[in-house]
Structures are given as C-alpha cells and as structure tokens.
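Asker: This structure is in structure tokens; I'll ask about it shortly.
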Amino acid sequence: MAGEYEKALKNGKLYVTAKQLKGEYPYLTVLDDILKDKEETSEAPLGLVQIPLDQVVGTVTAGRSQAFAGNFMPILPEKTEMSTKWQSLCNSHLEEGIRDPIVAYEYMNRFYVMEGNKRVSVLKFFDAVSVPGNVTRIIPKRSEEKENKIYYEFLDFYKVSRINFLWFGEEGNFEKLQSLVGKKPDELWTDDERTEFHYIYEVFEKAYKKMESRATWEEMCDALVDFIELYSYQEVKEMNGVDLEKKIANSKKVFDALSEETPQISMEPEEDLKTKPRVPLLQKMIQPLSSLNESPVNRIAFVHEVSPKQSGFTYAHDLGRMHVEQVFYQEAEFEVFIASEFESPEEAIEAAIQEGNTLIFTTSPVL
C-alpha cells in the first residue's frame, strides 16, 4: 500500500501549499487552542457515537497536529513510523474494515480526535462516511452569539433525534425541521426514522453539491430545510436522486429569478420603508382602474392555485406577494385565497371580489 500513502501524502502537501499561499493555517485545528480563551465550559459523555467524518476537523492537543494537513492527509515523508502505521491501517481497512472506535471530543458539533488520528486519515482518504468513536461533548456557556444560540438549538434537537450530521447557518431551523417531519417539539425519533432521514440527507447532499459545488455545510443544510418546506416531507421521501436534482434545479432557477427582481426579500420591512414618504400604491398600474372607479384600491387579493406548502411554484409567487405586502403595508390590506379549497377557481376569484378586493392577482396559468 505504499502507493496509497504516496497519493495521500501528495494530497496533504497540496493542501498545505494551497493554504499557505492564501495565508491560512494549513495544519489540523487544535481544540486546546480554541478553548483556552473561552469562558467556563462543561462536559457530557455521549458514549459510543457514529461520527460523521466531514465533521472531524482537528485534534485535541498540539502534539500531532502538524503531522497532518488540515484535511487529515499525512505530510510526513515515506519510510517513517507514520507511513508504516498508516499503510498498515490502510491494509486493515481494505481487508476487513477499521472497526476500533476512536476517542474524540465534540465542540460546537465539530469533532476533535484524542486518539485515532491515523484511523481518521485513512478513512477520509477512502471517502468513508463515518467512524465509530467514544465521544465527550464540551458545552460552552450560553451567550448571545448567533453560533452559540444555534448550538443550543442543536442540543435540544439532538436530545430527541440523536442526529449529529446537521448544522444550520440560521436560527430556528432545528425546531422547524422537527415540525416539518411531523413531530412535536419533544417527540423522539425512532431508529427507522433516523435512518430514513439520513438517506434523504445523503441523496440531497449529493444532488445539491452538483448544483452548488462551493456551498458550505451550513448552506446545504439550510437549503435542505427550505426544500422540505417547499415540497413537504412526504413528497421528498418519495423522490430519488434524479427527481431531487430536477427539483433542486427548478427551485434554484425560481429563486435566482426572484433575487434578480428583488435583491433582498425580508420578513421585516426595512426601517426606512416605514418612515419614508410613499408614492400611491402601484400608481402606474392602477391609474386606469381609478379613473373608472372612484373607490381607492385599498384591498388586494392573491389567488393561488394550491397552498404554497404544496408547490415550489406557488411558494415563489407567495414570496413575491410577501415582498409587495411588506413594501406597501401602509396603503392596502392584503388577502390570500387558495383555489383548491373552493369548488372551482371561479368561486375562489368570486370570493375575493365579495370580500371587497378591487385588485386581484392570480398566480398560475390555470387561473
């Protein structure tokens, strides 16, 4: 297996060179260095855990940190003790698999190796998904920092799901995911449910990275929650990899188009919009209507074919509706009608008229 070590060594050296050219630290992150400036922390033993290898990012102490590049590939020359042991582990992995658990610490849902750096290195070289490990969790003191808040949301989610392969960049997504999969806040996941979701995660990750190769882990996980919210968890469970790729591509086109029209869609009106004097609502568009009807346009309806939760197409239109409402909330009242909840589309539109809406948007060709 000297050839395998040579490939791993080349990979490690390339990683170090690339990081050095960018002026970045090229070796394994050291947990002790991270914690030395932190306020008080506490520890909680987790026992034997399947550790996602993508989340193994460093080592606990500085002792062996510079024997590996930051991607865990070896950087010590061939014909050293490191290369001999690494090659032996490589043989073991190919013949029977590496089964001995490592010893690691988890901090902020990243893992740092106390014992088993070479096992991690070999498994990462072969693109393994996870490694068994005896894990101790280090819990930081609560703070108002965004990442800290997200971590405490993760702790609550982990208690009920025992899922450690997710991390979000936005607050509230762990709670949202628990709801989207049809569970109450404190409802436990079964082993089958956990396995099923892990499969969905892996298929989505593969499909998403084809579309967004530079996306971070957090961005991909946030996208997964948005995707489930668009299509429903039941529908996503029934998708295969090809379906996912098509749906992700379609969703991306919709949101890219929206972002070109409206660079920022916010759930809260901007401060200057609340105080800034406004021109009359959609003045150019409704002027002909006003000339025929002396009543002001102060009630506006959007008629969707189906609920935004059932269709990505409708959801994209509803984002536009929310944006318009946020900008013009002082000028008019807004209302949404779902045609599928009526006997016919005509009845939905008639209901919007009866409610006093004088400007009505229908958001699908059928309507």
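Each chain in the structure tokens gets a letter, A, B and so on, in the order shown; residues start at 1 in every chain, and ligands are counted from 1 in the order they appear.
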For stretch 100-117 of chain A, list every protein, DNA or RNA residue within 8 Å, evaluated using only C-alpha atoms, and leave out those in the same chain fewer than 4 positions away; present the list as a list in words.
Answerer: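 Using only C-alpha atoms, the neighbours found are Val30, Leu31, Leu48, Ile51, Gln55, Val56, Val57, Gly58, Thr59, Val60, Thr61, Phe72, Ser121, Val131, Pro132, Gly133, Asn134, Val135, Thr136, Arg137, Ile138, Ile139, Asn148, Tyr151, Asn164 and Trp167 of chain A.
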Asker: Can I get the selection written as a CSV table (one decimal), in the first residue's frame, with N, CA, C and O atoms?
Answerer:
```
chain,number,residue,atom,x,y,z
A,30,VAL,N,-6.5,22.8,16.5
A,30,VAL,CA,-6.2,22.2,17.9
A,30,VAL,C,-7.3,22.7,18.8
A,30,VAL,O,-7.5,23.9,19.0
A,31,LEU,N,-8.1,21.8,19.4
A,31,LEU,CA,-9.1,22.1,20.3
A,31,LEU,C,-8.6,22.9,21.5
A,31,LEU,O,-9.3,23.9,22.0
A,48,LEU,N,-20.6,5.7,22.9
A,48,LEU,CA,-20.2,5.3,21.5
A,48,LEU,C,-21.1,6.0,20.5
A,48,LEU,O,-22.3,5.8,20.5
A,51,ILE,N,-19.6,9.0,14.2
A,51,ILE,CA,-19.1,10.4,14.0
A,51,ILE,C,-19.0,10.6,12.5
A,51,ILE,O,-18.3,9.9,11.8
A,55,GLN,N,-17.2,16.1,9.7
A,55,GLN,CA,-17.2,16.9,10.9
A,55,GLN,C,-16.0,16.7,11.8
A,55,GLN,O,-15.9,17.4,12.8
A,56,VAL,N,-15.2,15.8,11.5
A,56,VAL,CA,-13.9,15.7,12.2
A,56,VAL,C,-12.9,16.7,11.6
A,56,VAL,O,-12.4,16.5,10.5
A,57,VAL,N,-12.6,17.7,12.4
A,57,VAL,CA,-11.9,18.8,11.8
A,57,VAL,C,-10.5,19.1,12.5
A,57,VAL,O,-9.8,19.9,12.0
A,58,GLY,N,-10.2,18.3,13.6
A,58,GLY,CA,-8.9,18.6,14.2
A,58,GLY,C,-8.6,17.6,15.3
A,58,GLY,O,-9.2,16.5,15.4
A,59,THR,N,-7.6,18.0,16.0
A,59,THR,CA,-7.1,17.1,17.1
A,59,THR,C,-7.2,17.9,18.5
A,59,THR,O,-7.4,19.1,18.5
A,60,VAL,N,-7.2,17.2,19.5
A,60,VAL,CA,-7.4,17.8,20.9
A,60,VAL,C,-6.2,18.6,21.3
A,60,VAL,O,-6.3,19.7,21.7
A,61,THR,N,-5.0,18.0,21.2
A,61,THR,CA,-3.8,18.6,21.6
A,61,THR,C,-2.9,18.9,20.4
A,61,THR,O,-3.1,18.4,19.3
A,72,PHE,N,-6.6,16.2,7.1
A,72,PHE,CA,-6.2,14.9,7.7
A,72,PHE,C,-5.3,14.0,6.8
A,72,PHE,O,-5.1,12.9,7.2
A,121,SER,N,-7.5,9.6,9.2
A,121,SER,CA,-6.8,9.9,8.0
A,121,SER,C,-7.1,8.8,6.9
A,121,SER,O,-7.4,9.2,5.8
A,131,VAL,N,-17.1,7.3,11.4
A,131,VAL,CA,-16.2,6.4,12.1
A,131,VAL,C,-16.8,6.3,13.5
A,131,VAL,O,-17.3,7.2,14.1
A,132,PRO,N,-16.8,5.1,14.1
A,132,PRO,CA,-17.3,5.0,15.5
A,132,PRO,C,-16.3,5.7,16.4
A,132,PRO,O,-15.1,5.6,16.3
A,133,GLY,N,-16.9,6.3,17.5
A,133,GLY,CA,-16.0,7.0,18.4
A,133,GLY,C,-16.6,7.1,19.8
A,133,GLY,O,-17.8,7.3,19.9
A,134,ASN,N,-15.8,7.0,20.8
A,134,ASN,CA,-16.3,7.3,22.2
A,134,ASN,C,-16.1,8.8,22.4
A,134,ASN,O,-15.0,9.4,22.3
A,135,VAL,N,-17.2,9.5,22.5
A,135,VAL,CA,-17.2,11.0,22.4
A,135,VAL,C,-17.6,11.6,23.8
A,135,VAL,O,-18.5,11.2,24.5
A,136,THR,N,-16.9,12.7,24.1
A,136,THR,CA,-17.2,13.6,25.2
A,136,THR,C,-17.6,14.9,24.6
A,136,THR,O,-16.8,15.5,23.8
A,137,ARG,N,-18.7,15.4,25.0
A,137,ARG,CA,-19.2,16.7,24.5
A,137,ARG,C,-18.7,17.8,25.4
A,137,ARG,O,-18.9,17.7,26.6
A,138,ILE,N,-18.2,18.9,24.8
A,138,ILE,CA,-17.8,20.1,25.6
A,138,ILE,C,-18.8,21.2,25.3
A,138,ILE,O,-19.0,21.6,24.1
A,139,ILE,N,-19.5,21.6,26.3
A,139,ILE,CA,-20.7,22.5,26.2
A,139,ILE,C,-20.2,23.9,26.6
A,139,ILE,O,-19.9,24.1,27.8
A,148,ASN,N,-23.6,30.4,19.1
A,148,ASN,CA,-23.9,29.8,20.4
A,148,ASN,C,-25.4,29.4,20.5
A,148,ASN,O,-25.8,28.4,20.9
A,151,TYR,N,-26.2,26.5,18.5
A,151,TYR,CA,-25.7,25.2,19.1
A,151,TYR,C,-26.6,24.7,20.2
A,151,TYR,O,-26.9,23.5,20.3
A,164,ASN,N,-26.5,14.0,14.5
A,164,ASN,CA,-25.4,14.9,14.7
A,164,ASN,C,-24.8,15.4,13.4
A,164,ASN,O,-23.8,16.0,13.4
A,167,TRP,N,-26.1,20.9,10.6
A,167,TRP,CA,-25.7,22.2,11.2
A,167,TRP,C,-26.2,23.3,10.4
A,167,TRP,O,-26.1,23.3,9.1
```
Asker: Write out as a tab-separated table (two decimals) with all heavy atoms, in the first residue's frame the residues lying within 12 Å of A:Thr84, counting only C-alpha atoms and excluding same-chain residues fewer than 6 positions away.
Answerer:
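Listed below is the output, out_26.tsv:
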```
chain	number	residue	atom	x	y	z
A	1	MET	N	0.81	-1.22	0.00
A	1	MET	CA	0.00	0.00	0.00
A	1	MET	C	0.85	1.27	0.00
A	1	MET	O	0.38	2.35	0.35
A	1	MET	CB	-0.94	0.01	1.22
A	1	MET	CG	-2.11	-0.95	1.09
A	1	MET	SD	-3.20	-0.50	-0.27
A	1	MET	CE	-3.01	-1.92	-1.31
A	2	ALA	N	2.15	1.11	-0.34
A	2	ALA	CA	3.00	2.30	-0.40
A	2	ALA	C	2.42	3.31	-1.39
A	2	ALA	O	2.52	4.52	-1.21
A	2	ALA	CB	4.42	1.91	-0.81
A	4	GLU	N	-0.70	3.94	-1.99
A	4	GLU	CA	-1.79	4.68	-1.36
A	4	GLU	C	-1.24	5.78	-0.45
A	4	GLU	O	-1.76	6.90	-0.42
A	4	GLU	CB	-2.70	3.73	-0.56
A	4	GLU	CG	-3.33	2.62	-1.38
A	4	GLU	CD	-4.18	3.16	-2.51
A	4	GLU	OE1	-4.76	4.25	-2.36
A	4	GLU	OE2	-4.26	2.50	-3.55
A	5	TYR	N	-0.20	5.47	0.30
A	5	TYR	CA	0.38	6.51	1.16
A	5	TYR	C	0.96	7.64	0.31
A	5	TYR	O	0.84	8.82	0.66
A	5	TYR	CB	1.47	5.92	2.06
A	5	TYR	CG	1.97	6.93	3.09
A	5	TYR	CD1	1.25	7.18	4.25
A	5	TYR	CD2	3.14	7.67	2.87
A	5	TYR	CE1	1.67	8.11	5.17
A	5	TYR	CE2	3.57	8.61	3.77
A	5	TYR	CZ	2.83	8.83	4.93
A	5	TYR	OH	3.25	9.78	5.84
A	6	GLU	N	1.57	7.27	-0.79
A	6	GLU	CA	2.14	8.29	-1.68
A	6	GLU	C	1.05	9.24	-2.18
A	6	GLU	O	1.24	10.45	-2.24
A	6	GLU	CB	2.83	7.60	-2.86
A	6	GLU	CG	3.53	8.56	-3.81
A	6	GLU	CD	4.20	7.84	-4.96
A	6	GLU	OE1	4.21	6.59	-4.97
A	6	GLU	OE2	4.69	8.53	-5.88
A	74	PRO	N	-1.73	12.79	5.50
A	74	PRO	CA	-0.40	12.82	6.12
A	74	PRO	C	0.56	13.73	5.34
A	74	PRO	O	0.43	13.89	4.12
A	74	PRO	CB	0.04	11.36	6.04
A	74	PRO	CG	-0.70	10.79	4.87
A	74	PRO	CD	-2.03	11.49	4.88
A	76	LEU	N	4.09	13.70	6.61
A	76	LEU	CA	5.43	13.21	6.96
A	76	LEU	C	5.93	12.30	5.84
A	76	LEU	O	5.14	11.59	5.20
A	76	LEU	CB	5.39	12.46	8.28
A	76	LEU	CG	5.00	13.29	9.52
A	76	LEU	CD1	5.07	12.42	10.77
A	76	LEU	CD2	5.89	14.52	9.67
A	77	PRO	N	7.23	12.29	5.58
A	77	PRO	CA	7.77	11.55	4.44
A	77	PRO	C	7.51	10.04	4.54
A	77	PRO	O	7.21	9.50	5.60
A	77	PRO	CB	9.28	11.85	4.51
A	77	PRO	CG	9.40	13.05	5.37
A	77	PRO	CD	8.27	13.01	6.33
A	78	GLU	N	7.67	9.39	3.40
A	78	GLU	CA	7.61	7.93	3.39
A	78	GLU	C	8.81	7.37	4.16
A	78	GLU	O	9.80	8.04	4.40
A	78	GLU	CB	7.61	7.42	1.95
A	78	GLU	CG	6.37	7.83	1.16
A	78	GLU	CD	6.37	7.27	-0.24
A	78	GLU	OE1	6.02	6.08	-0.38
A	78	GLU	OE2	6.71	8.01	-1.18
A	90	CYS	N	-4.22	1.05	6.40
A	90	CYS	CA	-4.81	1.02	5.07
A	90	CYS	C	-5.11	-0.43	4.66
A	90	CYS	O	-6.19	-0.74	4.15
A	90	CYS	CB	-3.85	1.67	4.08
A	90	CYS	SG	-4.51	1.85	2.42
A	91	ASN	N	-4.15	-1.33	4.92
A	91	ASN	CA	-4.35	-2.76	4.63
A	91	ASN	C	-5.53	-3.31	5.42
A	91	ASN	O	-6.37	-4.05	4.88
A	91	ASN	CB	-3.08	-3.55	4.97
A	91	ASN	CG	-1.98	-3.35	3.93
A	91	ASN	OD1	-2.27	-3.18	2.76
A	91	ASN	ND2	-0.75	-3.39	4.39
A	118	LYS	N	-4.68	8.61	12.82
A	118	LYS	CA	-4.34	7.86	11.59
A	118	LYS	C	-5.55	7.09	11.06
A	118	LYS	O	-5.71	6.96	9.84
A	118	LYS	CB	-3.15	6.92	11.88
A	118	LYS	CG	-1.83	7.66	12.02
A	118	LYS	CD	-0.65	6.73	12.18
A	118	LYS	CE	-0.59	6.11	13.57
A	118	LYS	NZ	-0.34	7.10	14.64
```
Asker: Go through A:Ala62, A:Leu21, A:Val366, A:Val203 one by one, measure the shortest atom-to-atom distance of each to A:Val236 using only C-alpha atoms, and give the residue with the smallest value.
Answerer: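 Of the candidates, the smallest distance to A:Val236 is held by A:Val203.
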Asker: Quick check, in Å to one decimal: how far apart do atom CA of A:Val16 and atom CA of A:Phe125 lie?
Answerer: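 Computing it gives 15.8 Å between the two atoms.
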Asker: If we count only C-alpha atoms and set the cut-off at 8 Å, which residues sit around A:Glu218, ignoring sequence neighbours fewer than 2 positions away in its own chain? Please answer as number ranges by chain.
Answerer: A: 166-169, 216, 220-222
Asker: Save out the residues we just selected, C-alpha atoms, as a PDB file, in the first residue's frame.
Answerer:
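Output (part.pdb):
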```pdb
ATOM      1  CA  LEU A 166     -26.769  18.604  10.604  1.00  0.00           C
ATOM      2  CA  TRP A 167     -25.687  22.172  11.222  1.00  0.00           C
ATOM      3  CA  PHE A 168     -27.560  25.299  10.226  1.00  0.00           C
ATOM      4  CA  GLY A 169     -26.459  28.820   9.494  1.00  0.00           C
ATOM      5  CA  THR A 216     -20.826  25.319   2.762  1.00  0.00           C
ATOM      6  CA  MET A 220     -26.567  22.966   2.222  1.00  0.00           C
ATOM      7  CA  CYS A 221     -28.418  22.074   5.452  1.00  0.00           C
ATOM      8  CA  ASP A 222     -30.397  25.335   5.360  1.00  0.00           C
TER       9      ASP A 222
END
```
